[in-house]
Number of protein chains: 2
Amino acid sequence: MSELSPQALRTRIRSGEHRDNTSGFAPGYVQCNIVILPEAWAADFLTFCQRNPKPCPLIASGQPGDPNLPSLGDIDIRSDVPSYRVYRDGELVEERSDIGELWQADLVTFALGCSFSFEEALMADGLEVRNISEGVNVPMYRTSIDCAAAGPYVGKMVVSMRPFPAADAIRAVQICTRFPSVHGAPIHLGDPSLIGIEDLAAPDYGEAVTLRNNELPVFWACGVTPQVALEQARPPLCITHSPGCMLVTDLPNSRLAIL
Amino acid sequence: MSELSPQALRTRIRSGEHRDNTSGFAPGYVQCNIVILPEAWAADFLTFCQRNPKPCPLIASGQPGDPNLPSLGDIDIRSDVPSYRVYRDGELVEERSDIGELWQADLVTFALGCSFSFEEALMADGLEVRNISEGVNVPMYRTSIDCAAAGPYVGKMVVSMRPFPAADAIRAVQICTRFPSVHGAPIHLGDPSLIGIEDLAAPDYGEAVTLRNNELPVFWACGVTPQVALEQARPPLCITHSPGCMLVTDLPNSRLAIL
């Protein structure tokens, strides 16, 4: 089943047959975080992404009211994400597998890069990605790093952490530098307290992973950052993907490499 | 004086007017480590460089008996280095400013990249290079890392160390990755003991620099590595530049950038 093409997988998602995590599905293709906002709240969010490109790397945005994202494939954003979260005034009010009934003429869709793409590039180079080898969600932490504010959007940066021996950490910087639209190079490595993380064993999201004596924790800007900013901004309506249930696109991961 | 062109500086060196350090002279141009060996000892040294490209990045090599290096400029290697060290059977026997009298029909010249080029690239990007801001020779350390042997050439890798806050260390990896022929990306960062360095305050060569609490030590493969291998191999004759007294070439540093 994981060998389905992105198109075939989206057909199953669109029909409601696949309502789950997309991790491991359609390997080699870009999967995106999704944020849908009313047009009145969209311009500031776009500015927030522009000012914070490492946690909020925009890959595509839709026209107001248009549910298609033609640059990413034959996509109807009302049905092509396996599971959606609907927030009203910043509060999660429901989780559903189709948002056709909620669609409005002023809704704007944003698709943001996700770490699946760079994890695949790291593994293709022979690096061990600990959260994958240990079969858990990557550990994520709220940091003391302020995002650049834009209108109502403000907040601290959230990071994901993957441990590596130093030589692999250096290699990871090289590999991820090629992929700025999926968070790019790490933003920190080494001492977690320097970015306001007290305890690596107690992540704010996801699950802790093993950190060996000869390893450094390596930190990437994380796509949960815009979600935190959205929770604080409290737009009247906001729709996102459910964690791990991403938009699967027709874009090969290699297309995101700048080199 | 530091604004002399590489050609004008070499004219002064060739005439014996400049017999000193070349650090800070002819900014923007590649300076090289020099190793001159009898042809019978050259092939294995070339293999050693090929197998250890990070400490021994070859930029040019001469024909046996030919003192010119046309790819680097109008160079006569018998006179164009400010100060030479002459080793016989592995022992330093003299230091001189011209090797015309010692030249032999079987001598082969090797020019290797040096850290001046990448230090310039780091500073051009706004990073502080501690050994430069503190006005000392970069600290260098013998590590526990074995070089790949070639014939009589064998030994541990020597590294140079520059401290950076994590974000600058990540940036330094990106910048230096563009310059593989001047040692390229760092080979280690963080815990020195993992590469066999006991005490950062006691370098084996050069001088210690300040390491602040929020900084990581970042380690680059160093051009002293081949000198150590040469001392152990004990060729009947070997001529090198004196420390800091490099061959100044007509090659702009930017020409070494692979991207």
# chains A, B, ... in the order shown; residues from 1 in each chain; ligands from 1
>>> select_by_dssp(residues="region 14-124 of chain B", states="alpha helix (DSSP H)", output="count of residues only")
24
>>> residues_around(residues="region 22-30 of chain B", least_positions_apart="4", cutoff="7 Å", atoms="only C-alpha atoms", output="PDB file with N, CA and C atoms, in the first residue's frame")
ATOM      1  N   SER B   2      50.515  45.459   2.406  1.00  0.00           N
ATOM      2  CA  SER B   2      49.650  44.289   2.296  1.00  0.00           C
ATOM      3  C   SER B   2      48.741  44.375   1.076  1.00  0.00           C
ATOM      4  N   GLU B   3      48.729  45.557   0.443  1.00  0.00           N
ATOM      5  CA  GLU B   3      47.871  45.707  -0.741  1.00  0.00           C
ATOM      6  C   GLU B   3      48.603  45.389  -2.043  1.00  0.00           C
ATOM      7  N   LEU B   4      49.839  44.941  -1.958  1.00  0.00           N
ATOM      8  CA  LEU B   4      50.569  44.534  -3.168  1.00  0.00           C
ATOM      9  C   LEU B   4      49.810  43.435  -3.890  1.00  0.00           C
ATOM     10  N   SER B   5      49.891  43.429  -5.220  1.00  0.00           N
ATOM     11  CA  SER B   5      49.318  42.326  -5.992  1.00  0.00           C
ATOM     12  C   SER B   5      50.142  41.067  -5.722  1.00  0.00           C
ATOM     13  N   PRO B   6      49.559  39.891  -6.004  1.00  0.00           N
ATOM     14  CA  PRO B   6      50.358  38.666  -5.814  1.00  0.00           C
ATOM     15  C   PRO B   6      51.659  38.726  -6.627  1.00  0.00           C
ATOM     16  N   SER B 117      42.370  30.819   2.962  1.00  0.00           N
ATOM     17  CA  SER B 117      41.277  31.050   1.995  1.00  0.00           C
ATOM     18  C   SER B 117      39.913  30.930   2.664  1.00  0.00           C
ATOM     19  N   GLY B 244      53.705  29.612   7.932  1.00  0.00           N
ATOM     20  CA  GLY B 244      53.184  30.958   7.688  1.00  0.00           C
ATOM     21  C   GLY B 244      53.785  31.672   6.501  1.00  0.00           C
ATOM     22  N   CYS B 245      54.866  31.121   5.931  1.00  0.00           N
ATOM     23  CA  CYS B 245      55.534  31.749   4.778  1.00  0.00           C
ATOM     24  C   CYS B 245      55.139  30.995   3.525  1.00  0.00           C
ATOM     25  N   MET B 246      53.984  31.340   2.973  1.00  0.00           N
ATOM     26  CA  MET B 246      53.342  30.522   1.953  1.00  0.00           C
ATOM     27  C   MET B 246      53.708  30.965   0.540  1.00  0.00           C
ATOM     28  N   VAL B 248      52.363  32.556  -2.533  1.00  0.00           N
ATOM     29  CA  VAL B 248      51.222  33.414  -2.888  1.00  0.00           C
ATOM     30  C   VAL B 248      50.966  33.253  -4.389  1.00  0.00           C
ATOM     31  N   THR B 249      49.735  32.878  -4.741  1.00  0.00           N
ATOM     32  CA  THR B 249      49.411  32.580  -6.142  1.00  0.00           C
ATOM     33  C   THR B 249      48.547  33.686  -6.758  1.00  0.00           C
ATOM     34  N   ASP B 250      48.378  33.586  -8.076  1.00  0.00           N
ATOM     35  CA  ASP B 250      47.508  34.535  -8.788  1.00  0.00           C
ATOM     36  C   ASP B 250      46.053  34.088  -8.797  1.00  0.00           C
ATOM     37  N   LEU B 251      45.758  32.985  -8.118  1.00  0.00           N
ATOM     38  CA  LEU B 251      44.421  32.401  -8.165  1.00  0.00           C
ATOM     39  C   LEU B 251      43.516  33.114  -7.163  1.00  0.00           C
ATOM     40  N   PRO B 252      42.430  33.753  -7.613  1.00  0.00           N
ATOM     41  CA  PRO B 252      41.510  34.353  -6.628  1.00  0.00           C
ATOM     42  C   PRO B 252      40.894  33.259  -5.750  1.00  0.00           C
ATOM     43  N   ASN B 253      40.712  33.546  -4.473  1.00  0.00           N
ATOM     44  CA  ASN B 253      40.064  32.577  -3.584  1.00  0.00           C
ATOM     45  C   ASN B 253      38.724  32.103  -4.140  1.00  0.00           C
TER      46      ASN B 253
END
>>> interface_residues(of="chain B", to="chain A", cutoff="8 Å", atoms="only C-alpha atoms", output="list in words")
Ala166, Ala167, Ile170, Val173, Gln174, Thr177, Ala185, Pro186, Ile187, His188, Leu189, Gly190, Leu194, Asn214 and Leu216 of chain B
>>> residues_around(residues="Ala105 (chain A)", least_positions_apart="4", cutoff="9 Å", atoms="only C-alpha atoms", output="ChimeraX atom specification")
/A:38,64-66
>>> write_last_selection(atoms="N, CA and C atoms", output="compact mmCIF listing (two decimals), in the first residue's frame")
# COMPACT_ATOMS: atom_id res chain seq x y z
N PRO A 38 -9.30 32.48 6.40
CA PRO A 38 -10.06 33.50 5.67
C PRO A 38 -9.09 34.55 5.10
N PRO A 64 -7.91 33.01 -3.26
CA PRO A 64 -9.07 33.00 -2.35
C PRO A 64 -10.25 32.25 -2.96
N GLY A 65 -10.80 31.33 -2.21
CA GLY A 65 -11.95 30.57 -2.65
C GLY A 65 -11.64 29.40 -3.57
N ASP A 66 -10.42 29.32 -4.06
CA ASP A 66 -10.04 28.26 -5.02
C ASP A 66 -9.45 27.08 -4.27
>>> residues_around(residues="Val138 (chain A)", least_positions_apart="2", cutoff="7 Å", atoms="only C-alpha atoms", output="JSON list (two decimals) with C-alpha atoms, in the first residue's frame")
[["chain", "number", "residue", "atom", "x", "y", "z"],
["A", 131, "ASN", "CA", 12.87, 8.92, 15.47],
["A", 136, "VAL", "CA", 8.26, 7.29, 17.25],
["A", 140, "MET", "CA", 9.68, 18.72, 19.37],
["A", 160, "SER", "CA", 12.43, 19.20, 16.15],
["A", 161, "MET", "CA", 15.51, 17.30, 17.39],
["A", 206, "GLY", "CA", 6.17, 14.00, 19.96],
["A", 207, "GLU", "CA", 8.26, 11.51, 21.90]]
>>> residues_around(residues="Ala40 (chain B)", least_positions_apart="6", cutoff="12 Å", atoms="only C-alpha atoms", output="NGL selection string")
:B and (46 or 64 or 105-108 or 151-152 or 235-238)
>>> residues_around(residues="Ala233 (chain A)", least_positions_apart="5", cutoff="9 Å", atoms="only C-alpha atoms", output="PDB file with N, CA and C atoms, in the first residue's frame")
ATOM      1  N   ASP A  89     -11.922  30.588  16.501  1.00  0.00           N
ATOM      2  CA  ASP A  89     -11.397  31.509  17.517  1.00  0.00           C
ATOM      3  C   ASP A  89     -10.252  30.874  18.307  1.00  0.00           C
ATOM      4  N   GLY A  90      -9.419  30.087  17.603  1.00  0.00           N
ATOM      5  CA  GLY A  90      -8.234  29.516  18.226  1.00  0.00           C
ATOM      6  C   GLY A  90      -8.473  28.215  18.958  1.00  0.00           C
ATOM      7  N   GLY A 151       1.538  41.165  12.114  1.00  0.00           N
ATOM      8  CA  GLY A 151       0.146  41.352  12.512  1.00  0.00           C
ATOM      9  C   GLY A 151      -0.128  40.568  13.782  1.00  0.00           C
ATOM     10  N   PRO A 152      -1.189  39.744  13.789  1.00  0.00           N
ATOM     11  CA  PRO A 152      -1.534  39.010  15.009  1.00  0.00           C
ATOM     12  C   PRO A 152      -0.670  37.772  15.233  1.00  0.00           C
ATOM     13  N   TYR A 153       0.168  37.445  14.266  1.00  0.00           N
ATOM     14  CA  TYR A 153       0.947  36.204  14.373  1.00  0.00           C
ATOM     15  C   TYR A 153       2.272  36.475  15.064  1.00  0.00           C
ATOM     16  N   VAL A 154       2.472  35.785  16.169  1.00  0.00           N
ATOM     17  CA  VAL A 154       3.640  35.998  17.011  1.00  0.00           C
ATOM     18  C   VAL A 154       3.838  34.729  17.830  1.00  0.00           C
ATOM     19  N   VAL A 228       1.456  27.143  16.550  1.00  0.00           N
ATOM     20  CA  VAL A 228       1.474  27.865  17.821  1.00  0.00           C
ATOM     21  C   VAL A 228       1.099  29.328  17.595  1.00  0.00           C
TER      22      VAL A 228
END
>>> select_by_dssp(residues="region 56-178 of chain A", states="strand (DSSP E)", output="JSON, numbers by chain")
{"A": [58, 59, 60, 61, 84, 85, 86, 87, 88, 91, 92, 93, 94, 95, 96, 107, 108, 109, 110, 111, 112, 113, 140, 141, 142, 143, 144, 145, 146, 156, 157, 158, 159, 160, 161, 162, 163, 164, 165]}
>>> write_last_selection(atoms="C-alpha atoms", output="compact mmCIF listing (two decimals), in the first residue's frame")
# COMPACT_ATOMS: atom_id res chain seq x y z
CA LEU A 58 5.87 28.08 1.95
CA ILE A 59 5.69 25.72 -1.03
CA ALA A 60 2.37 26.85 -2.50
CA SER A 61 -0.61 29.09 -1.80
CA TYR A 84 -8.46 17.96 9.08
CA ARG A 85 -8.54 19.92 12.30
CA VAL A 86 -11.01 22.80 12.46
CA TYR A 87 -10.28 25.70 14.83
CA ARG A 88 -12.74 28.48 15.63
CA GLU A 91 -10.05 26.53 19.75
CA LEU A 92 -10.02 23.06 18.18
CA VAL A 93 -13.68 22.26 17.57
CA GLU A 94 -13.62 19.17 15.38
CA GLU A 95 -11.55 16.71 13.40
CA ARG A 96 -12.96 15.49 10.07
CA LEU A 107 -10.66 30.76 2.16
CA VAL A 108 -6.97 30.79 1.24
CA THR A 109 -4.84 27.62 1.37
CA PHE A 110 -1.17 27.53 2.33
CA ALA A 111 1.03 24.46 1.80
CA LEU A 112 4.26 24.36 3.82
CA GLY A 113 7.22 22.02 3.54
CA MET A 140 9.68 18.72 19.37
CA TYR A 141 10.41 21.52 21.82
CA ARG A 142 9.26 25.09 22.37
CA THR A 143 12.35 27.30 22.40
CA SER A 144 13.19 30.75 23.74
CA ILE A 145 13.70 32.00 20.15
CA ASP A 146 11.19 34.68 19.15
CA LYS A 156 8.32 31.27 19.95
CA MET A 157 9.97 28.95 17.48
CA VAL A 158 9.30 25.23 17.88
CA VAL A 159 12.13 22.90 16.88
CA SER A 160 12.43 19.20 16.15
CA MET A 161 15.51 17.30 17.39
CA ARG A 162 17.48 14.46 15.85
CA PRO A 163 20.71 13.22 17.49
CA PHE A 164 23.82 12.53 15.40
CA PRO A 165 27.54 11.90 15.91
>>> atom_distance(atom1="CA of Leu69 (chain A)", atom2="CA of Gln7 (chain A)")
13.7 Å
>>> closest_residue(among="A:Leu102, A:Leu72, A:Ala150, A:Leu211", to="Gln31 (chain A)", atoms="only C-alpha atoms")
A:Leu72
>>> atom_distance(atom1="CA of Ile258 (chain A)", atom2="CA of Pro180 (chain A)")
7.6 Å
>>> atom_distance(atom1="CA of Ser79 (chain A)", atom2="CA of Leu247 (chain A)")
9.9 Å
>>> decode(residues="region 134-177 of chain B", atoms="N, CA and C atoms", output="PDB file, in the first residue's frame")
ATOM      1  N   GLU B 134      42.153  37.448  17.947  1.00  0.00           N
ATOM      2  CA  GLU B 134      43.080  37.454  19.081  1.00  0.00           C
ATOM      3  C   GLU B 134      44.539  37.554  18.633  1.00  0.00           C
ATOM      4  N   GLY B 135      44.754  37.627  17.313  1.00  0.00           N
ATOM      5  CA  GLY B 135      46.101  37.878  16.803  1.00  0.00           C
ATOM      6  C   GLY B 135      47.113  36.786  17.092  1.00  0.00           C
ATOM      7  N   VAL B 136      46.649  35.533  17.034  1.00  0.00           N
ATOM      8  CA  VAL B 136      47.576  34.419  17.288  1.00  0.00           C
ATOM      9  C   VAL B 136      47.499  33.399  16.143  1.00  0.00           C
ATOM     10  N   ASN B 137      48.480  32.493  16.125  1.00  0.00           N
ATOM     11  CA  ASN B 137      48.399  31.375  15.187  1.00  0.00           C
ATOM     12  C   ASN B 137      47.280  30.455  15.628  1.00  0.00           C
ATOM     13  N   VAL B 138      46.549  29.913  14.671  1.00  0.00           N
ATOM     14  CA  VAL B 138      45.423  29.043  15.007  1.00  0.00           C
ATOM     15  C   VAL B 138      45.922  27.858  15.847  1.00  0.00           C
ATOM     16  N   PRO B 139      45.160  27.453  16.886  1.00  0.00           N
ATOM     17  CA  PRO B 139      45.578  26.275  17.647  1.00  0.00           C
ATOM     18  C   PRO B 139      45.348  24.994  16.846  1.00  0.00           C
ATOM     19  N   MET B 140      46.347  24.110  16.886  1.00  0.00           N
ATOM     20  CA  MET B 140      46.285  22.847  16.146  1.00  0.00           C
ATOM     21  C   MET B 140      46.569  21.694  17.096  1.00  0.00           C
ATOM     22  N   TYR B 141      45.938  20.559  16.822  1.00  0.00           N
ATOM     23  CA  TYR B 141      46.003  19.421  17.736  1.00  0.00           C
ATOM     24  C   TYR B 141      46.197  18.129  16.943  1.00  0.00           C
ATOM     25  N   ARG B 142      47.062  17.258  17.457  1.00  0.00           N
ATOM     26  CA  ARG B 142      47.128  15.887  16.927  1.00  0.00           C
ATOM     27  C   ARG B 142      45.908  15.140  17.436  1.00  0.00           C
ATOM     28  N   THR B 143      45.231  14.412  16.548  1.00  0.00           N
ATOM     29  CA  THR B 143      44.035  13.667  16.939  1.00  0.00           C
ATOM     30  C   THR B 143      44.330  12.169  16.986  1.00  0.00           C
ATOM     31  N   SER B 144      43.306  11.407  17.347  1.00  0.00           N
ATOM     32  CA  SER B 144      43.403   9.948  17.312  1.00  0.00           C
ATOM     33  C   SER B 144      42.943   9.386  15.975  1.00  0.00           C
ATOM     34  N   ILE B 145      42.669  10.268  15.001  1.00  0.00           N
ATOM     35  CA  ILE B 145      42.131   9.812  13.716  1.00  0.00           C
ATOM     36  C   ILE B 145      43.285   9.397  12.799  1.00  0.00           C
ATOM     37  N   ASP B 146      43.271   8.138  12.376  1.00  0.00           N
ATOM     38  CA  ASP B 146      44.305   7.658  11.454  1.00  0.00           C
ATOM     39  C   ASP B 146      44.051   8.179  10.052  1.00  0.00           C
ATOM     40  N   CYS B 147      45.113   8.684   9.426  1.00  0.00           N
ATOM     41  CA  CYS B 147      45.031   8.953   7.995  1.00  0.00           C
ATOM     42  C   CYS B 147      45.069   7.618   7.250  1.00  0.00           C
ATOM     43  N   ALA B 148      44.563   7.616   6.004  1.00  0.00           N
ATOM     44  CA  ALA B 148      44.717   6.449   5.141  1.00  0.00           C
ATOM     45  C   ALA B 148      46.173   6.434   4.676  1.00  0.00           C
ATOM     46  N   ALA B 149      46.866   5.327   4.916  1.00  0.00           N
ATOM     47  CA  ALA B 149      48.291   5.243   4.592  1.00  0.00           C
ATOM     48  C   ALA B 149      48.509   5.090   3.091  1.00  0.00           C
ATOM     49  N   ALA B 150      49.702   5.506   2.649  1.00  0.00           N
ATOM     50  CA  ALA B 150      50.124   5.298   1.264  1.00  0.00           C
ATOM     51  C   ALA B 150      51.641   5.135   1.286  1.00  0.00           C
ATOM     52  N   GLY B 151      52.125   3.917   0.983  1.00  0.00           N
ATOM     53  CA  GLY B 151      53.555   3.641   1.026  1.00  0.00           C
ATOM     54  C   GLY B 151      54.111   4.032   2.381  1.00  0.00           C
ATOM     55  N   PRO B 152      55.159   4.848   2.417  1.00  0.00           N
ATOM     56  CA  PRO B 152      55.785   5.197   3.696  1.00  0.00           C
ATOM     57  C   PRO B 152      55.019   6.272   4.460  1.00  0.00           C
ATOM     58  N   TYR B 153      53.998   6.855   3.831  1.00  0.00           N
ATOM     59  CA  TYR B 153      53.291   7.975   4.458  1.00  0.00           C
ATOM     60  C   TYR B 153      52.132   7.462   5.291  1.00  0.00           C
ATOM     61  N   VAL B 154      52.163   7.787   6.574  1.00  0.00           N
ATOM     62  CA  VAL B 154      51.192   7.288   7.529  1.00  0.00           C
ATOM     63  C   VAL B 154      51.205   8.239   8.724  1.00  0.00           C
ATOM     64  N   GLY B 155      50.114   8.313   9.436  1.00  0.00           N
ATOM     65  CA  GLY B 155      50.120   9.164  10.635  1.00  0.00           C
ATOM     66  C   GLY B 155      48.707   9.543  11.043  1.00  0.00           C
ATOM     67  N   LYS B 156      48.630  10.267  12.145  1.00  0.00           N
ATOM     68  CA  LYS B 156      47.350  10.749  12.647  1.00  0.00           C
ATOM     69  C   LYS B 156      47.014  12.081  11.991  1.00  0.00           C
ATOM     70  N   MET B 157      45.731  12.366  11.921  1.00  0.00           N
ATOM     71  CA  MET B 157      45.307  13.653  11.374  1.00  0.00           C
ATOM     72  C   MET B 157      45.536  14.771  12.401  1.00  0.00           C
ATOM     73  N   VAL B 158      46.052  15.887  11.919  1.00  0.00           N
ATOM     74  CA  VAL B 158      46.155  17.097  12.731  1.00  0.00           C
ATOM     75  C   VAL B 158      44.976  17.991  12.345  1.00  0.00           C
ATOM     76  N   VAL B 159      44.385  18.642  13.343  1.00  0.00           N
ATOM     77  CA  VAL B 159      43.250  19.532  13.086  1.00  0.00           C
ATOM     78  C   VAL B 159      43.530  20.923  13.633  1.00  0.00           C
ATOM     79  N   SER B 160      42.926  21.916  13.005  1.00  0.00           N
ATOM     80  CA  SER B 160      42.912  23.268  13.569  1.00  0.00           C
ATOM     81  C   SER B 160      41.551  23.480  14.223  1.00  0.00           C
ATOM     82  N   MET B 161      41.484  24.376  15.193  1.00  0.00           N
ATOM     83  CA  MET B 161      40.226  24.595  15.911  1.00  0.00           C
ATOM     84  C   MET B 161      39.881  26.078  15.926  1.00  0.00           C
ATOM     85  N   ARG B 162      38.616  26.352  15.613  1.00  0.00           N
ATOM     86  CA  ARG B 162      38.073  27.706  15.733  1.00  0.00           C
ATOM     87  C   ARG B 162      36.733  27.608  16.466  1.00  0.00           C
ATOM     88  N   PRO B 163      36.533  28.384  17.528  1.00  0.00           N
ATOM     89  CA  PRO B 163      35.278  28.305  18.279  1.00  0.00           C
ATOM     90  C   PRO B 163      34.196  29.204  17.670  1.00  0.00           C
ATOM     91  N   PHE B 164      32.959  28.703  17.700  1.00  0.00           N
ATOM     92  CA  PHE B 164      31.823  29.488  17.189  1.00  0.00           C
ATOM     93  C   PHE B 164      30.572  29.170  18.011  1.00  0.00           C
ATOM     94  N   PRO B 165      29.680  30.158  18.159  1.00  0.00           N
ATOM     95  CA  PRO B 165      28.333  29.807  18.620  1.00  0.00           C
ATOM     96  C   PRO B 165      27.705  28.855  17.589  1.00  0.00           C
ATOM     97  N   ALA B 166      26.714  28.047  18.029  1.00  0.00           N
ATOM     98  CA  ALA B 166      26.189  26.979  17.169  1.00  0.00           C
ATOM     99  C   ALA B 166      25.713  27.494  15.813  1.00  0.00           C
ATOM    100  N   ALA B 167      24.988  28.603  15.793  1.00  0.00           N
ATOM    101  CA  ALA B 167      24.458  29.102  14.513  1.00  0.00           C
ATOM    102  C   ALA B 167      25.600  29.463  13.570  1.00  0.00           C
ATOM    103  N   ASP B 168      26.689  30.031  14.109  1.00  0.00           N
ATOM    104  CA  ASP B 168      27.838  30.351  13.270  1.00  0.00           C
ATOM    105  C   ASP B 168      28.588  29.088  12.847  1.00  0.00           C
ATOM    106  N   ALA B 169      28.596  28.081  13.723  1.00  0.00           N
ATOM    107  CA  ALA B 169      29.231  26.813  13.350  1.00  0.00           C
ATOM    108  C   ALA B 169      28.495  26.192  12.170  1.00  0.00           C
ATOM    109  N   ILE B 170      27.163  26.263  12.213  1.00  0.00           N
ATOM    110  CA  ILE B 170      26.358  25.730  11.098  1.00  0.00           C
ATOM    111  C   ILE B 170      26.655  26.533   9.826  1.00  0.00           C
ATOM    112  N   ARG B 171      26.724  27.855   9.966  1.00  0.00           N
ATOM    113  CA  ARG B 171      27.045  28.686   8.799  1.00  0.00           C
ATOM    114  C   ARG B 171      28.450  28.369   8.267  1.00  0.00           C
ATOM    115  N   ALA B 172      29.393  28.122   9.192  1.00  0.00           N
ATOM    116  CA  ALA B 172      30.759  27.791   8.772  1.00  0.00           C
ATOM    117  C   ALA B 172      30.784  26.478   7.980  1.00  0.00           C
ATOM    118  N   VAL B 173      29.961  25.518   8.390  1.00  0.00           N
ATOM    119  CA  VAL B 173      29.887  24.270   7.607  1.00  0.00           C
ATOM    120  C   VAL B 173      29.424  24.588   6.192  1.00  0.00           C
ATOM    121  N   GLN B 174      28.407  25.439   6.079  1.00  0.00           N
ATOM    122  CA  GLN B 174      27.887  25.772   4.743  1.00  0.00           C
ATOM    123  C   GLN B 174      28.955  26.463   3.897  1.00  0.00           C
ATOM    124  N   ILE B 175      29.624  27.442   4.479  1.00  0.00           N
ATOM    125  CA  ILE B 175      30.598  28.221   3.718  1.00  0.00           C
ATOM    126  C   ILE B 175      31.770  27.334   3.299  1.00  0.00           C
ATOM    127  N   CYS B 176      32.298  26.578   4.253  1.00  0.00           N
ATOM    128  CA  CYS B 176      33.507  25.791   3.959  1.00  0.00           C
ATOM    129  C   CYS B 176      33.221  24.609   3.036  1.00  0.00           C
ATOM    130  N   THR B 177      31.976  24.147   3.019  1.00  0.00           N
ATOM    131  CA  THR B 177      31.614  23.086   2.080  1.00  0.00           C
ATOM    132  C   THR B 177      31.866  23.527   0.639  1.00  0.00           C
TER     133      THR B 177
END
